[in-house]
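Shown next: structure17.csv, given as CSV, C-alpha atoms (C1' of nucleotides).
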chain,number,residue,atom,x,y,z
Q,1,MET,CA,122.4,-174.8,11.8
Q,2,ASN,CA,118.6,-175.1,11.2
Q,3,THR,CA,118.2,-178.4,9.4
Q,4,HIS,CA,114.6,-177.6,8.4
Q,5,GLU,CA,115.8,-174.8,6.2
Q,6,ILE,CA,117.8,-176.8,3.7
Q,7,PHE,CA,115.0,-179.2,3.0
Q,8,HIS,CA,112.6,-176.4,2.6
Q,9,THR,CA,114.9,-174.6,0.2
Q,10,ILE,CA,115.3,-177.8,-1.9
Q,11,ASN,CA,111.5,-178.1,-2.1
Q,12,GLN,CA,111.1,-174.5,-3.1
Q,13,LEU,CA,113.8,-174.7,-5.7
Q,14,SER,CA,112.4,-177.9,-7.1
Q,15,ARG,CA,108.9,-176.4,-7.4
Q,16,TYR,CA,110.2,-173.2,-8.9
Q,17,LEU,CA,112.4,-174.9,-11.5
Q,18,THR,CA,109.7,-177.3,-12.6
Q,19,ASN,CA,107.2,-174.5,-12.9
Q,20,ARG,CA,109.5,-172.4,-15.0
Q,21,ILE,CA,110.3,-175.4,-17.3
Q,22,ASN,CA,106.6,-176.1,-17.6
Q,23,GLU,CA,106.0,-172.5,-18.7
Q,24,GLU,CA,108.3,-173.1,-21.6
Q,25,LEU,CA,107.1,-176.5,-22.5
Q,26,LYS,CA,103.3,-176.0,-22.2
Q,27,PRO,CA,103.1,-173.9,-25.4
Q,28,LEU,CA,105.0,-176.7,-27.1
Q,29,GLY,CA,102.3,-179.2,-26.1
Q,30,ILE,CA,104.0,-181.2,-23.4
Q,31,TYR,CA,104.5,-181.1,-19.6
Q,32,SER,CA,107.8,-181.5,-17.8
Q,33,SER,CA,106.9,-185.0,-16.6
Q,34,GLN,CA,106.4,-186.0,-20.3
Q,35,TRP,CA,109.6,-184.3,-21.3
Q,36,THR,CA,111.5,-186.3,-18.7
Q,37,VAL,CA,110.3,-189.5,-20.3
Q,38,ILE,CA,110.8,-188.3,-23.8
Q,39,TYR,CA,114.4,-187.3,-22.9
Q,40,VAL,CA,115.1,-190.7,-21.5
Q,41,LEU,CA,113.7,-192.5,-24.5
Q,42,LYS,CA,115.7,-190.3,-26.8
Q,43,THR,CA,119.0,-191.0,-25.1
Q,44,LYS,CA,118.4,-194.7,-24.1
Q,45,GLY,CA,116.2,-195.9,-27.0
Q,46,SER,CA,113.4,-198.4,-26.5
Q,47,LEU,CA,112.7,-199.3,-22.9
Q,48,THR,CA,110.1,-201.2,-20.9
Q,49,GLN,CA,107.9,-199.1,-18.6
Q,50,LYS,CA,109.6,-200.8,-15.7
Q,51,GLU,CA,113.0,-199.7,-17.0
Q,52,ILE,CA,111.8,-196.1,-17.4
Q,53,CYS,CA,110.4,-196.2,-13.8
Q,54,GLN,CA,113.7,-197.5,-12.4
Q,55,TYR,CA,115.8,-195.0,-14.3
Q,56,LEU,CA,113.7,-192.1,-13.2
Q,57,ALA,CA,112.9,-193.5,-9.7
Q,58,ILE,CA,109.2,-193.0,-10.3
Q,59,GLU,CA,106.5,-195.5,-9.3
Q,60,ALA,CA,104.7,-197.5,-11.9
Q,61,PRO,CA,101.3,-195.9,-11.6
Q,62,PRO,CA,102.3,-192.3,-12.4
Q,63,MET,CA,104.4,-193.7,-15.3
Q,64,THR,CA,101.4,-195.5,-16.7
Q,65,ARG,CA,99.6,-192.2,-16.7
Q,66,THR,CA,102.4,-190.2,-18.3
Q,67,ILE,CA,102.9,-192.8,-21.0
Q,68,GLN,CA,99.1,-193.1,-21.7
Q,69,ARG,CA,99.1,-189.3,-22.3
Q,70,LEU,CA,102.1,-189.6,-24.6
Q,71,LEU,CA,100.3,-192.4,-26.4
Q,72,THR,CA,97.2,-190.4,-27.1
Q,73,GLN,CA,99.3,-187.5,-28.2
Q,74,GLY,CA,101.0,-189.9,-30.6
Q,75,TYR,CA,104.5,-189.2,-29.3
Q,76,VAL,CA,105.2,-192.7,-28.2
Q,77,LYS,CA,104.2,-196.3,-29.2
Q,78,GLN,CA,104.0,-199.5,-27.2
Q,79,ILE,CA,105.5,-202.8,-28.5
Q,80,GLN,CA,104.6,-206.0,-26.7
Q,81,GLY,CA,107.8,-207.8,-25.4
Q,82,LYS,CA,108.6,-211.5,-25.8
Q,83,ASP,CA,107.5,-211.5,-22.2
Q,84,LYS,CA,103.9,-210.6,-22.8
Q,85,ARG,CA,103.7,-208.6,-19.5
Q,86,GLU,CA,106.3,-206.2,-20.7
Q,87,LYS,CA,105.6,-203.2,-22.9
Q,88,TYR,CA,108.5,-201.6,-24.7
Q,89,ILE,CA,108.0,-197.9,-25.2
Q,90,GLN,CA,109.6,-195.9,-28.0
Q,91,LEU,CA,109.4,-192.5,-29.5
Q,92,THR,CA,107.4,-192.1,-32.7
Q,93,GLU,CA,108.5,-190.2,-35.8
Q,94,VAL,CA,106.4,-187.3,-34.8
Q,95,ALA,CA,108.1,-187.1,-31.5
Q,96,LEU,CA,111.6,-187.3,-33.1
Q,97,GLU,CA,110.6,-184.4,-35.4
Q,98,LYS,CA,109.5,-182.3,-32.5
Q,99,TYR,CA,112.4,-183.3,-30.2
Q,100,PRO,CA,114.8,-180.5,-31.3
Q,101,THR,CA,112.2,-177.9,-30.5
Q,102,TRP,CA,111.6,-179.3,-27.1
Q,103,GLU,CA,115.3,-179.7,-26.4
Q,104,ALA,CA,116.1,-176.2,-27.5
Q,105,ALA,CA,113.3,-174.8,-25.2
Q,106,THR,CA,114.5,-176.7,-22.2
Q,107,LEU,CA,118.2,-176.0,-22.8
Q,108,GLN,CA,117.4,-172.3,-23.0
Q,109,VAL,CA,115.3,-172.2,-19.8
Q,110,ASN,CA,117.9,-174.4,-18.1
Q,111,ASP,CA,120.7,-172.0,-19.0
Q,112,SER,CA,118.6,-169.0,-17.9
Q,113,LEU,CA,117.9,-170.7,-14.5
Q,114,LEU,CA,121.5,-171.7,-14.0
Q,115,SER,CA,122.7,-168.2,-14.9
Q,116,ALA,CA,121.5,-167.2,-11.4
Q,117,ILE,CA,124.5,-169.0,-9.9
Q,118,PRO,CA,128.2,-168.5,-10.9
Q,119,SER,CA,129.0,-170.9,-13.7
Q,120,HIS,CA,132.2,-172.2,-12.1
Q,121,SER,CA,130.0,-173.7,-9.4
Q,122,HIS,CA,127.5,-175.5,-11.6
Q,123,GLU,CA,129.5,-178.7,-12.0
Q,124,GLU,CA,130.4,-178.8,-8.3
Q,125,LEU,CA,126.8,-178.2,-7.1
Q,126,SER,CA,125.5,-180.8,-9.6
Q,127,GLN,CA,128.0,-183.4,-8.3
Q,128,GLN,CA,127.3,-182.6,-4.7
Q,129,LEU,CA,123.6,-183.0,-5.1
Q,130,LYS,CA,124.0,-186.1,-7.2
Q,131,GLY,CA,126.4,-187.6,-4.7
Q,132,TRP,CA,124.0,-186.9,-1.9
Q,133,TYR,CA,121.1,-188.5,-3.7
Q,134,LYS,CA,123.2,-191.5,-4.5
Q,135,GLN,CA,124.2,-192.0,-0.9
Q,136,LEU,CA,120.6,-191.8,0.2
Q,137,SER,CA,118.9,-194.1,-2.4
E,1,MET,CA,127.9,-180.1,-18.7
E,2,ASN,CA,124.5,-181.7,-19.1
E,3,THR,CA,122.1,-179.0,-17.7
E,4,HIS,CA,119.1,-181.4,-17.6
E,5,GLU,CA,120.9,-183.5,-15.0
E,6,ILE,CA,121.1,-181.0,-12.2
E,7,PHE,CA,117.4,-180.2,-12.4
E,8,HIS,CA,116.5,-183.8,-12.5
E,9,THR,CA,118.7,-184.5,-9.5
E,10,ILE,CA,117.0,-181.6,-7.5
E,11,ASN,CA,113.6,-183.1,-8.3
E,12,GLN,CA,114.7,-186.5,-7.3
E,13,LEU,CA,116.2,-185.2,-4.1
E,14,SER,CA,113.1,-183.2,-3.3
E,15,ARG,CA,110.8,-186.1,-3.8
E,16,TYR,CA,113.0,-188.5,-1.8
E,17,LEU,CA,113.4,-186.1,1.1
E,18,THR,CA,109.7,-185.3,1.3
E,19,ASN,CA,108.8,-189.0,1.2
E,20,ARG,CA,111.2,-189.8,4.0
E,21,ILE,CA,109.9,-187.0,6.2
E,22,ASN,CA,106.4,-188.1,5.5
E,23,GLU,CA,107.2,-191.6,6.6
E,24,GLU,CA,108.2,-190.3,10.0
E,25,LEU,CA,105.3,-187.8,10.3
E,26,LYS,CA,102.5,-190.0,9.1
E,27,PRO,CA,102.4,-192.2,12.2
E,28,LEU,CA,102.3,-188.9,14.2
E,29,GLY,CA,99.1,-187.9,12.4
E,30,ILE,CA,100.3,-185.1,10.1
E,31,TYR,CA,101.8,-184.8,6.6
E,32,SER,CA,104.9,-182.8,5.6
E,33,SER,CA,102.8,-180.0,4.1
E,34,GLN,CA,101.0,-179.6,7.4
E,35,TRP,CA,104.2,-179.7,9.3
E,36,THR,CA,105.6,-176.9,7.2
E,37,VAL,CA,102.7,-174.7,8.2
E,38,ILE,CA,102.8,-175.7,11.8
E,39,TYR,CA,106.5,-174.9,11.9
E,40,VAL,CA,106.0,-171.5,10.5
E,41,LEU,CA,103.1,-170.7,12.9
E,42,LYS,CA,105.3,-171.9,15.8
E,43,THR,CA,108.2,-169.7,14.9
E,44,LYS,CA,106.2,-166.7,13.6
E,45,GLY,CA,103.1,-166.7,15.8
E,46,SER,CA,99.7,-165.8,14.4
E,47,LEU,CA,99.6,-165.1,10.7
E,48,THR,CA,97.0,-164.5,8.0
E,49,GLN,CA,96.7,-167.2,5.3
E,50,LYS,CA,98.1,-164.7,2.9
E,51,GLU,CA,101.2,-164.2,5.0
E,52,ILE,CA,101.7,-167.9,5.3
E,53,CYS,CA,101.4,-168.3,1.6
E,54,GLN,CA,103.9,-165.5,1.0
E,55,TYR,CA,106.4,-166.9,3.5
E,56,LEU,CA,106.2,-170.4,2.1
E,57,ALA,CA,105.8,-169.3,-1.6
E,58,ILE,CA,102.7,-171.5,-2.0
E,59,GLU,CA,99.6,-170.4,-3.8
E,60,ALA,CA,96.4,-169.6,-1.8
E,61,PRO,CA,94.3,-172.7,-2.9
E,62,PRO,CA,96.7,-175.4,-1.6
E,63,MET,CA,97.1,-173.4,1.6
E,64,THR,CA,93.3,-173.2,2.1
E,65,ARG,CA,93.2,-177.0,1.8
E,66,THR,CA,96.1,-177.6,4.2
E,67,ILE,CA,94.6,-175.2,6.8
E,68,GLN,CA,91.2,-176.7,6.5
E,69,ARG,CA,92.7,-180.1,7.3
E,70,LEU,CA,94.6,-178.6,10.2
E,71,LEU,CA,91.3,-177.1,11.4
E,72,THR,CA,89.3,-180.3,11.3
E,73,GLN,CA,92.2,-182.0,13.1
E,74,GLY,CA,92.0,-179.3,15.8
E,75,TYR,CA,95.6,-178.2,15.4
E,76,VAL,CA,94.8,-174.7,14.3
E,77,LYS,CA,92.1,-172.0,14.8
E,78,GLN,CA,91.0,-169.1,12.6
E,79,ILE,CA,90.4,-165.7,14.0
E,80,GLN,CA,88.7,-163.0,11.8
E,81,GLY,CA,90.9,-160.0,11.3
E,82,LYS,CA,89.7,-156.3,11.6
E,83,ASP,CA,89.7,-156.5,7.8
E,84,LYS,CA,86.9,-159.1,7.6
E,85,ARG,CA,88.5,-160.7,4.5
E,86,GLU,CA,91.5,-161.8,6.5
E,87,LYS,CA,91.7,-164.9,8.6
E,88,TYR,CA,94.4,-165.1,11.2
E,89,ILE,CA,95.6,-168.6,11.8
E,90,GLN,CA,97.2,-169.8,15.1
E,91,LEU,CA,98.2,-173.1,16.7
E,92,THR,CA,95.8,-174.6,19.3
E,93,GLU,CA,96.8,-175.9,22.7
E,94,VAL,CA,96.6,-179.4,21.3
E,95,ALA,CA,99.1,-178.5,18.6
E,96,LEU,CA,101.5,-176.9,21.0
E,97,GLU,CA,101.4,-180.0,23.1
E,98,LYS,CA,102.2,-182.2,20.2
E,99,TYR,CA,104.8,-179.9,18.7
E,100,PRO,CA,107.8,-181.3,20.6
E,101,THR,CA,107.0,-184.8,19.3
E,102,TRP,CA,106.7,-183.6,15.7
E,103,GLU,CA,109.8,-181.5,16.0
E,104,ALA,CA,111.9,-184.4,17.5
E,105,ALA,CA,110.8,-186.7,14.7
E,106,THR,CA,111.6,-184.2,11.9
E,107,LEU,CA,114.9,-183.2,13.4
E,108,GLN,CA,115.9,-186.9,13.7
E,109,VAL,CA,115.1,-187.7,10.1
E,110,ASN,CA,116.7,-184.5,8.9
E,111,ASP,CA,119.9,-185.4,10.7
E,112,SER,CA,119.8,-188.9,9.3
E,113,LEU,CA,119.3,-187.5,5.7
E,114,LEU,CA,122.0,-184.9,6.1
E,115,SER,CA,124.4,-187.5,7.5
E,116,ALA,CA,124.8,-188.8,3.9
E,117,ILE,CA,126.9,-185.7,3.1
E,118,PRO,CA,130.0,-184.5,5.0
E,119,SER,CA,128.8,-182.2,7.8
E,120,HIS,CA,131.3,-179.5,7.0
E,121,SER,CA,129.5,-178.9,3.7
E,122,HIS,CA,126.0,-178.7,5.1
E,123,GLU,CA,126.1,-175.0,5.7
E,124,GLU,CA,127.8,-174.2,2.4
E,125,LEU,CA,125.3,-176.3,0.4
E,126,SER,CA,122.4,-174.7,2.3
E,127,GLN,CA,123.7,-171.2,1.6
E,128,GLN,CA,124.3,-172.0,-2.1
E,129,LEU,CA,120.8,-173.4,-2.7
E,130,LYS,CA,119.2,-170.6,-0.7
E,131,GLY,CA,121.2,-168.0,-2.6
E,132,TRP,CA,120.3,-169.5,-5.9
E,133,TYR,CA,116.6,-169.6,-5.0
E,134,LYS,CA,116.7,-166.0,-3.9
E,135,GLN,CA,118.3,-164.9,-7.1
E,136,LEU,CA,115.6,-166.6,-9.1
E,137,SER,CA,112.5,-165.6,-7.1
P,1,DG,C1',102.1,-230.7,-15.5
P,2,DT,C1',100.0,-228.4,-11.7
P,3,DG,C1',100.0,-225.3,-7.7
P,4,DA,C1',102.4,-221.5,-5.5
P,5,DT,C1',104.9,-217.5,-6.1
P,6,DA,C1',106.8,-213.5,-8.5
P,7,DT,C1',106.6,-209.7,-11.8
P,8,DA,C1',104.7,-205.9,-15.4
P,9,DG,C1',101.4,-203.0,-15.8
P,10,DT,C1',96.7,-200.9,-14.5
P,11,DT,C1',93.0,-199.0,-11.6
P,12,DA,C1',91.3,-196.4,-7.7
P,13,DC,C1',92.3,-193.3,-4.5
P,14,DC,C1',95.7,-190.5,-1.7
P,15,DT,C1',99.1,-186.1,-0.8
P,16,DA,C1',101.0,-181.8,-2.8
P,17,DG,C1',101.0,-178.0,-5.6
P,18,DG,C1',99.1,-174.8,-9.6
P,19,DT,C1',95.6,-171.8,-12.5
P,20,DA,C1',91.1,-169.7,-13.5
P,21,DA,C1',86.9,-168.2,-12.0
P,22,DC,C1',84.3,-166.9,-8.2
P,23,DT,C1',82.5,-164.4,-3.5
P,24,DA,C1',82.9,-161.1,-0.1
P,25,DT,C1',85.1,-157.2,1.8
P,26,DA,C1',88.1,-152.8,1.3
P,27,DT,C1',89.9,-149.1,-1.1
P,28,DT,C1',90.1,-145.6,-4.5
P,29,DA,C1',88.4,-142.2,-8.0
P,30,DT,C1',85.2,-139.1,-9.1
Y,1,DA,C1',78.2,-141.3,-1.9
Y,2,DT,C1',78.7,-144.4,-5.4
Y,3,DA,C1',81.0,-146.8,-9.1
Y,4,DA,C1',85.3,-149.1,-10.3
Y,5,DT,C1',89.0,-151.5,-8.7
Y,6,DA,C1',91.8,-154.3,-5.7
Y,7,DT,C1',92.4,-157.9,-2.3
Y,8,DA,C1',91.7,-162.4,0.9
Y,9,DG,C1',90.1,-166.5,0.6
Y,10,DT,C1',87.4,-170.5,-1.6
Y,11,DT,C1',85.9,-173.7,-5.3
Y,12,DA,C1',86.6,-176.5,-9.3
Y,13,DC,C1',89.7,-178.6,-11.9
Y,14,DC,C1',94.6,-179.3,-13.6
Y,15,DT,C1',99.7,-181.6,-13.3
Y,16,DA,C1',102.8,-184.7,-10.6
Y,17,DG,C1',103.8,-188.3,-7.7
Y,18,DG,C1',102.7,-192.2,-4.0
Y,19,DT,C1',100.3,-196.7,-2.0
Y,20,DA,C1',97.2,-200.7,-2.1
Y,21,DA,C1',94.7,-203.8,-4.5
Y,22,DC,C1',94.0,-205.9,-8.8
Y,23,DT,C1',94.9,-208.6,-13.6
Y,24,DA,C1',97.6,-211.2,-16.6
Y,25,DT,C1',101.7,-213.5,-17.6
Y,26,DA,C1',106.1,-216.0,-16.1
Y,27,DT,C1',108.7,-218.8,-13.3
Y,28,DC,C1',109.6,-222.1,-9.8
Y,29,DA,C1',108.8,-226.4,-6.8
Y,30,DC,C1',107.4,-230.7,-6.8

Could you rewrite the structure in this file as structure tokens?
Amino acid sequence: MNTHEIFHTINQLSRYLTNRINEELKPLGIYSSQWTVIYVLKTKGSLTQKEICQYLAIEAPPMTRTIQRLLTQGYVKQIQGKDKREKYIQLTEVALEKYPTWEAATLQVNDSLLSAIPSHSHEELSQQLKGWYKQLS
Amino acid sequence: MNTHEIFHTINQLSRYLTNRINEELKPLGIYSSQWTVIYVLKTKGSLTQKEICQYLAIEAPPMTRTIQRLLTQGYVKQIQGKDKREKYIQLTEVALEKYPTWEAATLQVNDSLLSAIPSHSHEELSQQLKGWYKQLS
DNA sequence: GTGATATAGTTACCTAGGTAACTATATTAT
DNA sequence: ATAATATAGTTACCTAGGTAACTATATCAC
């Protein structure tokens, strides 16, 4: 087996999927990196930037940028923690109102992308990839 | 099933794998994007930039940059085609000398990354992902 | 309490890929 | 033959993520 191939395919897939999701989200005013953060905040509630970084396995600097963009767009607010170094981030009312639209758009494109593989293997593939990643990290 | 999860996992995996491969390649003087091009040129021979782009499903501008870096490092040379718009790219002697080192490094890290999943499922997973990507693109 | 160390977040600059607009050459229509 | 169109590659600027060095606050040793 050619081991280069599987890594190449994963990268291709990752780029392709992200591009397709961005195509849907861009007209709705956000990018996929922002959606990822919004989604986490919606499901987990208020979190520090550090916690968001850990949850998404993204380094602090890109997260600072994504959050600053969400701040200027008014989709997120910062609340200083008791520990003054910490900044708690939470969704604004505006973001909560728009959330259903964003969610519907992503769910729809997700389904359309997943429809390219037999639905009985979705769960297995997901578990396999998740298990692999967990082993690695 | 949460459809967001599988896309998220694929992105995480992709970033993680690329970072690990870069860790190995950086001390050897190249980055993973350059390695991808070098690998294609080694297996396919001389190609136009267009052909490399198509093969790797990468847009022309990032490819121009990668190739320009390979040019300044002396790992690649451009040859004007009969069609004067085209530039045929091929590996230099220097690159061919270093190729075995790069290949050994990537094969080793590939194996180590793949060892996190049972080896009997490597081929199946690879085929599944490849099939999915093919369906999509 | 003060000095050393650790931590949260930011800034500057890096790789990696994408789109739009451009240049230069080829091709096609008439 | 020339005007219109298409194509290969480049340039400028965008999203997305990473590392190193920095600031400001907390904690720990003593």

Superposed chain Q (on chain E, all in-order C-alpha pairs) as a compact mmCIF listing (two decimals) with C-alpha atoms, keeping the file's coordinate frame:
# COMPACT_ATOMS: atom_id res chain seq x y z
CA MET Q 1 127.95 -180.13 -18.74
CA ASN Q 2 124.42 -181.65 -19.15
CA THR Q 3 122.11 -179.02 -17.73
CA HIS Q 4 119.15 -181.44 -17.64
CA GLU Q 5 120.90 -183.52 -15.03
CA ILE Q 6 121.04 -180.99 -12.23
CA PHE Q 7 117.38 -180.19 -12.43
CA HIS Q 8 116.52 -183.79 -12.48
CA THR Q 9 118.69 -184.49 -9.46
CA ILE Q 10 117.02 -181.60 -7.53
CA ASN Q 11 113.60 -183.09 -8.33
CA GLN Q 12 114.65 -186.53 -7.24
CA LEU Q 13 116.19 -185.28 -4.06
CA SER Q 14 113.18 -183.18 -3.27
CA ARG Q 15 110.81 -186.13 -3.78
CA TYR Q 16 113.00 -188.47 -1.80
CA LEU Q 17 113.42 -186.12 1.17
CA THR Q 18 109.74 -185.30 1.38
CA ASN Q 19 108.82 -188.94 1.21
CA ARG Q 20 111.21 -189.88 3.96
CA ILE Q 21 109.92 -187.00 6.19
CA ASN Q 22 106.38 -188.10 5.49
CA GLU Q 23 107.24 -191.64 6.62
CA GLU Q 24 108.18 -190.23 9.97
CA LEU Q 25 105.36 -187.83 10.32
CA LYS Q 26 102.44 -190.00 9.09
CA PRO Q 27 102.41 -192.15 12.25
CA LEU Q 28 102.31 -188.91 14.20
CA GLY Q 29 99.12 -187.87 12.39
CA ILE Q 30 100.34 -185.14 10.09
CA TYR Q 31 101.78 -184.76 6.56
CA SER Q 32 104.87 -182.78 5.65
CA SER Q 33 102.81 -180.01 4.04
CA GLN Q 34 100.97 -179.59 7.42
CA TRP Q 35 104.22 -179.69 9.31
CA THR Q 36 105.59 -176.88 7.16
CA VAL Q 37 102.69 -174.70 8.19
CA ILE Q 38 102.77 -175.76 11.77
CA TYR Q 39 106.52 -174.93 11.89
CA VAL Q 40 105.91 -171.51 10.51
CA LEU Q 41 103.13 -170.75 12.93
CA LYS Q 42 105.25 -171.93 15.80
CA THR Q 43 108.17 -169.69 14.96
CA LYS Q 44 106.22 -166.62 13.61
CA GLY Q 45 103.06 -166.75 15.76
CA SER Q 46 99.66 -165.78 14.41
CA LEU Q 47 99.57 -165.08 10.70
CA THR Q 48 97.00 -164.46 7.98
CA GLN Q 49 96.68 -167.18 5.33
CA LYS Q 50 98.09 -164.71 2.86
CA GLU Q 51 101.15 -164.21 5.06
CA ILE Q 52 101.68 -167.98 5.36
CA CYS Q 53 101.36 -168.30 1.53
CA GLN Q 54 103.93 -165.54 0.94
CA TYR Q 55 106.38 -166.92 3.47
CA LEU Q 56 106.21 -170.38 2.05
CA ALA Q 57 105.78 -169.28 -1.62
CA ILE Q 58 102.71 -171.46 -1.95
CA GLU Q 59 99.52 -170.42 -3.77
CA ALA Q 60 96.40 -169.64 -1.85
CA PRO Q 61 94.32 -172.60 -2.91
CA PRO Q 62 96.62 -175.38 -1.65
CA MET Q 63 97.02 -173.36 1.59
CA THR Q 64 93.28 -173.23 2.06
CA ARG Q 65 93.27 -176.98 1.81
CA THR Q 66 96.16 -177.57 4.20
CA ILE Q 67 94.70 -175.21 6.76
CA GLN Q 68 91.15 -176.73 6.45
CA ARG Q 69 92.74 -180.14 7.27
CA LEU Q 70 94.56 -178.64 10.23
CA LEU Q 71 91.29 -177.10 11.33
CA THR Q 72 89.39 -180.34 11.34
CA GLN Q 73 92.22 -182.02 13.12
CA GLY Q 74 91.95 -179.27 15.72
CA TYR Q 75 95.59 -178.20 15.41
CA VAL Q 76 94.86 -174.70 14.30
CA LYS Q 77 92.10 -172.04 14.79
CA GLN Q 78 90.97 -169.16 12.60
CA ILE Q 79 90.40 -165.63 14.03
CA GLN Q 80 88.63 -163.10 11.86
CA GLY Q 81 90.86 -159.95 11.32
CA LYS Q 82 89.74 -156.33 11.67
CA ASP Q 83 89.73 -156.60 7.92
CA LYS Q 84 86.92 -159.09 7.63
CA ARG Q 85 88.52 -160.74 4.52
CA GLU Q 86 91.52 -161.76 6.50
CA LYS Q 87 91.74 -164.88 8.63
CA TYR Q 88 94.48 -165.08 11.21
CA ILE Q 89 95.62 -168.62 11.80
CA GLN Q 90 97.19 -169.84 15.04
CA LEU Q 91 98.19 -173.04 16.65
CA THR Q 92 95.85 -174.51 19.25
CA GLU Q 93 96.87 -175.89 22.64
CA VAL Q 94 96.67 -179.36 21.32
CA ALA Q 95 99.05 -178.55 18.58
CA LEU Q 96 101.53 -176.87 21.01
CA GLU Q 97 101.42 -180.04 23.16
CA LYS Q 98 102.19 -182.23 20.21
CA TYR Q 99 104.78 -179.86 18.67
CA PRO Q 100 107.83 -181.31 20.53
CA THR Q 101 107.01 -184.76 19.25
CA TRP Q 102 106.73 -183.58 15.73
CA GLU Q 103 109.88 -181.48 15.98
CA ALA Q 104 111.88 -184.29 17.46
CA ALA Q 105 110.73 -186.66 14.62
CA THR Q 106 111.65 -184.24 11.91
CA LEU Q 107 114.96 -183.20 13.48
CA GLN Q 108 115.93 -186.86 13.70
CA VAL Q 109 115.01 -187.71 10.08
CA ASN Q 110 116.64 -184.46 8.97
CA ASP Q 111 119.90 -185.36 10.71
CA SER Q 112 119.77 -188.91 9.30
CA LEU Q 113 119.26 -187.51 5.73
CA LEU Q 114 122.00 -184.94 6.11
CA SER Q 115 124.39 -187.55 7.51
CA ALA Q 116 124.73 -188.76 3.89
CA ILE Q 117 126.84 -185.69 3.10
CA PRO Q 118 129.96 -184.50 5.04
CA SER Q 119 128.82 -182.19 7.79
CA HIS Q 120 131.36 -179.47 6.99
CA SER Q 121 129.49 -178.97 3.73
CA HIS Q 122 125.97 -178.67 5.09
CA GLU Q 123 126.10 -174.94 5.79
CA GLU Q 124 127.77 -174.20 2.44
CA LEU Q 125 125.29 -176.31 0.40
CA SER Q 126 122.35 -174.76 2.32
CA GLN Q 127 123.62 -171.22 1.54
CA GLN Q 128 124.31 -172.02 -2.06
CA LEU Q 129 120.88 -173.39 -2.65
CA LYS Q 130 119.26 -170.59 -0.72
CA GLY Q 131 121.25 -168.00 -2.61
CA TRP Q 132 120.25 -169.55 -5.88
CA TYR Q 133 116.59 -169.57 -4.99
CA LYS Q 134 116.79 -166.00 -3.87
CA GLN Q 135 118.34 -164.87 -7.11
CA LEU Q 136 115.65 -166.63 -9.09
CA SER Q 137 112.48 -165.54 -7.16

Distance filter 10 Å, all atoms listed in the file, chain P against chain Q, as a PyMOL selection string = chain P and resi 7-11+17-18

Neighbour list for Ile58 in chain Q as an MDAnalysis selection string, cut-off 12 Å, all atoms listed in the file, skip fewer than 6 positions in-chain = (chainID Q and resid 33 36:37 49:52 64:66) or (chainID E and resid 8 11:12 15:16) or (chainID Y and resid 16:18)

What does the distance from CA of Ile38 in chain Q to CA of Tyr133 in chain E come to in Å, to one decimal?
->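 Spanning CA of Ile38 in chain Q to CA of Tyr133 in chain E is a straight-line distance of 27.1 Å.
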
Near-DA29 in chain Y list (12 Å; only C-alpha atoms (C1' of nucleotides); drop same-chain fewer than 4 positions) as a PDB file with C-alpha atoms (C1' of nucleotides), in the coordinates of the input:
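The resulting file, result34.pdb, is reproduced below:
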ATOM      1  C1'  DG P   1     102.100-230.700 -15.500  1.00  0.00           C
ATOM      2  C1'  DT P   2     100.000-228.400 -11.700  1.00  0.00           C
ATOM      3  C1'  DG P   3     100.000-225.300  -7.700  1.00  0.00           C
ATOM      4  C1'  DA P   4     102.400-221.500  -5.500  1.00  0.00           C
ATOM      5  C1'  DT P   5     104.900-217.500  -6.100  1.00  0.00           C
TER       6       DT P   5
END

Using only C-alpha atoms (C1' of nucleotides), determine which residues of chain Y fall within 10 Å of chain E; present them as an MDAnalysis selection string.
-> chainID Y and resid 7:11 17:18

Complete range 95-100 of chain E with N, CA, C and O atoms (output as a short mmCIF file (atom, residue, chain, number, x, y, z; two decimals), in the frame of the given file).
data_model
loop_
_atom_site.label_atom_id
_atom_site.label_comp_id
_atom_site.auth_asym_id
_atom_site.auth_seq_id
_atom_site.Cartn_x
_atom_site.Cartn_y
_atom_site.Cartn_z
N ALA E 95 97.94 -178.56 19.46
CA ALA E 95 99.10 -178.50 18.60
C ALA E 95 100.37 -178.21 19.32
O ALA E 95 101.42 -178.84 19.09
N LEU E 96 100.28 -177.27 20.24
CA LEU E 96 101.50 -176.90 21.00
C LEU E 96 101.96 -178.03 21.86
O LEU E 96 103.17 -178.21 22.05
N GLU E 97 101.01 -178.83 22.36
CA GLU E 97 101.40 -180.00 23.10
C GLU E 97 102.14 -181.03 22.28
O GLU E 97 103.10 -181.66 22.70
N LYS E 98 101.62 -181.21 21.08
CA LYS E 98 102.20 -182.20 20.20
C LYS E 98 103.46 -181.75 19.49
O LYS E 98 104.24 -182.56 18.96
N TYR E 99 103.65 -180.44 19.47
CA TYR E 99 104.80 -179.90 18.70
C TYR E 99 106.10 -180.53 18.99
O TYR E 99 106.82 -180.90 18.05
N PRO E 100 106.46 -180.71 20.27
CA PRO E 100 107.80 -181.30 20.60
C PRO E 100 107.98 -182.67 19.92
O PRO E 100 109.07 -182.98 19.45
#
